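Trainee: Here's a structure for you.
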Amino acid sequence: MSGSLSYQPELFPEYDNSIFSHVRFNGRSGAFIDNMSLPVHRWYRYSAGFSADWVRQIIHAKGEKYCVLDPFAGVGTTLLACASENMACWGFESHPFVHRIAAAKLCGIHANIRETKDVFLKFLSRANGERKNSSTIPSKLLEKCYGPEELSILHHMREIFLKDYDNGSPSSELIWLAITAILRVCSGAGTAQWQYVLPNKKKSTVIHPITALQRKATELLQDIEYAQRNGWNSQSHIIQTDARHPEIPSHIQVDAVVTSPPYPNNYDYADATRLEMTFWGDVSSWGQLHKTVRQHLIHSCSQHAAAEKLVLPEILADPVLEPIKEELSEACHLLAEIRESRGGKKTYHTMAAAYFRDLGIVFQSLRNLCKPGASLCFVIGDSAPYGVYLKVDEWLGSLAVAAGFNSFQFEKIRDRNIKWKNRKHRVPLKEGRLWIEG
Ligand SMILES: C[S@@+](CC[C@H](N)C(=O)[O-])C[C@H]1O[C@@H](n2cnc3c(N)ncnc32)[C@H](O)[C@@H]1O
């Protein structure tokens, strides 16, 4: 078999510098969609991310010695924004797959352009060449998401990569990232808001894998050139570690924290990467997803709390929750009660308790990593599972002060859940920035 598309590997469109000149900061911090027109940030679409231009605005002109930390680094938005502002930055990310994406971006921007272009050309040429019996990943999910021809090409790419390219070098990680980043656009399956894949829904535009990879390679090369021409530094480091108990070099001391933790809104970060991780053979079942990913994350979805069979009184007895214990207990007991009357019996009661305990521990750990007088900005959102309102801004602020920071202030960015369309509850919600000082 060979690819049906006629493909000319020597054709990479020339780099067009003007494409980024229209990008302007629009004041939002919550939306990753703005990043899809920004060099490097656009390499992988991550719905959970925030705006890189907003990060740049708040760190701008702080000086070369200023050091920033993002303990929930995601795909590296803060780290890359700091690199572009010639500032040092540390990032923690405990989701192994998301960590690899951020790491690939960070090392990729310093890759040798000529060599990388050459590697991509050879890879593309092989990917478009004869397909022998590529090893397949037996997966119902993959079969539902792709037609046999697309799946065969993608498996072929996967096999070439794993056999001859997977050596940890910057260009190898860029190829891994490029293949990862095209998996959605090559799939006919729909994607729900926030990236869960919906194999039973179909989308109208599907791109052939070779075309998609060629375009992605072009984008990567353009952006590497852009980053190098604009002097993005190499002082940003991402560590695959848990923000609650980070295993990190002992000398880290930072002036500021710019971050967005998971919200307690039942979003499942493990499920959001299920398609990609299945494709690479990192997971093959729902249970494995928990073991490989979810158990390393903050408790922010009910599947996580349920899988661990958490016990409410045990969590509420944790001294870290002392400052908010009364109000949190009341909300969690109400959730436990409502649950009994609901079909799904969702474990929001233990999820909520574990969420605030986790964030309390994160603030304690951040106190040790922040210099006296540091500034912290947490982009956060509140939530109301089963219609029970969780005072996320007040409670997180109190936990930060209990951990040794001086003060907090909440700045609302936008209201959510006010149109009441198809909503399960009518509690008004908000998103904003929690500024913590000390
Ligand atoms: C709201 S997202 C942050 C996205 C980031 N601002 C960006 O632009 O890509 C929260 C991130 O925290 C990560 N995370 C969850 N629990 C964590 C933990 N215990 N330690 C470190 N990272 C964690 C998730 O995997 C997710 O990528």
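Within each chain, counting starts at residue 1; across the structure tokens, chains are named A, B, ... in the order shown, with ligands numbered 1 upward in that order.
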Run DSSP on the backbone of this structure and report the residues of range 53-246 of chain A it assigns to alpha helix (DSSP H), as a PyMOL selection string.
Mentor: chain A and resi 53-59+77-84+96-108+113-127+140-145+148-160+170-182+209-229
Trainee: Collect all residues with atoms no farther than 7 Å from ligand 1, counting only C-alpha atoms and all ligand atoms, and output them as JSON, numbers by chain.
Mentor: {"A": [32, 46, 48, 49, 50, 51, 71, 72, 73, 74, 75, 76, 77, 78, 92, 93, 94, 95, 98, 241, 242, 243, 244, 259, 260, 261, 262, 269, 296, 297, 298]}
Trainee: Could you check how far CA of Pro148 in chain A sits from CA of Thr136 in chain A, in Å to one decimal?
Mentor: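 The value is 11.2 Å.
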Trainee: Pick the closest to Glu330 in chain A from A:Leu390, A:Ser375, A:Phe97, A:Ile238: which is it, counting only C-alpha atoms?
Mentor: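 Smallest separation from Glu330 in chain A among the options: A:Leu390.
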Trainee: Write out as a list in words the residues lying within 9 Å of Ile175 in chain A, counting only C-alpha atoms and excluding same-chain residues fewer than 4 positions away.
Mentor: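 What passes the distance filter is Val119, Phe120, Phe123, Phe161, Tyr165, Asp166, Pro170, Ser171, Ile179, Thr180 and Ala217 of chain A.
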Trainee: Please produce an output containing C-alpha atoms for each residue in the selection, written as an mmCIF file, in the first residue's frame.
Mentor:
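part12.cif, written as the output of this step:
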```
data_model
loop_
_atom_site.group_PDB
_atom_site.id
_atom_site.type_symbol
_atom_site.label_atom_id
_atom_site.label_comp_id
_atom_site.auth_asym_id
_atom_site.auth_seq_id
_atom_site.Cartn_x
_atom_site.Cartn_y
_atom_site.Cartn_z
ATOM 1 C CA VAL A 119 14.781 15.204 9.679
ATOM 2 C CA PHE A 120 11.170 16.190 8.938
ATOM 3 C CA PHE A 123 10.354 11.401 7.946
ATOM 4 C CA PHE A 161 8.830 7.064 14.665
ATOM 5 C CA TYR A 165 13.352 8.359 15.517
ATOM 6 C CA ASP A 166 12.409 8.014 19.178
ATOM 7 C CA PRO A 170 14.914 17.880 20.074
ATOM 8 C CA SER A 171 14.038 16.916 16.495
ATOM 9 C CA ILE A 179 2.162 13.560 15.004
ATOM 10 C CA THR A 180 0.393 14.015 18.345
ATOM 11 C CA ALA A 217 6.057 20.599 10.239
#
```
Trainee: Given only C-alpha atoms as the basis, pick out the residue of A:Ala181, A:Ile224, A:Asp70, A:Pro138 nearest to Ala111 in chain A.
Mentor: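 Selected residue with least distance to Ala111 in chain A: A:Ile224.
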Trainee: What does the structure give for the distance between CA of Pro385 in chain A and CA of Ile338 in chain A, in Å to one decimal?
Mentor: 10.2 Å
Trainee: What residues in range 196-254 of chain A get the DSSP label strand (DSSP E)? Please answer as a PyMOL selection string.
Mentor: chain A and resi 197-202+236-239+254
Trainee: Find the distance between CA of Asn128 in chain A and CA of Glu150 in chain A and write it in Å to one decimal.
Mentor: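 CA of Glu150 in chain A lies at a distance of 11.9 Å from CA of Asn128 in chain A.
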Trainee: Quick one: residues within 10 Å of Ser383 in chain A, only C-alpha atoms, excluding same-chain residues fewer than 2 positions away - as a CSV table (one decimal) with C-alpha atoms, in the first residue's frame?
Mentor:
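Writing the result to out-v5.csv gives the following:
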```csv
chain,number,residue,atom,x,y,z
A,263,TYR,CA,-11.0,23.8,38.7
A,264,PRO,CA,-13.3,21.6,40.9
A,265,ASN,CA,-15.7,21.3,38.0
A,266,ASN,CA,-15.4,17.6,37.1
A,352,ALA,CA,-14.7,18.7,46.8
A,381,GLY,CA,-13.1,29.2,38.6
A,385,PRO,CA,-21.9,20.4,41.7
A,386,TYR,CA,-25.5,19.2,42.2
A,387,GLY,CA,-26.2,22.9,42.6
A,388,VAL,CA,-24.2,23.2,45.8
A,389,TYR,CA,-22.0,26.3,45.6
A,390,LEU,CA,-18.3,25.9,46.4
A,391,LYS,CA,-16.7,29.2,47.5
A,392,VAL,CA,-13.5,28.6,45.6
A,416,ARG,CA,-20.4,31.9,33.9
A,417,ASN,CA,-23.5,29.9,33.8
A,427,VAL,CA,-26.2,28.8,40.4
A,428,PRO,CA,-24.3,31.8,38.9
A,429,LEU,CA,-20.6,31.1,38.6
A,430,LYS,CA,-17.5,33.2,37.9
A,431,GLU,CA,-13.9,33.0,36.8
```
Trainee: So, with only C-alpha atoms as the atoms that count, which of A:Leu376, A:Val401, A:Lys140, A:Pro319 lies closest to Arg433 in chain A?
Mentor: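 Closest candidate: A:Leu376.
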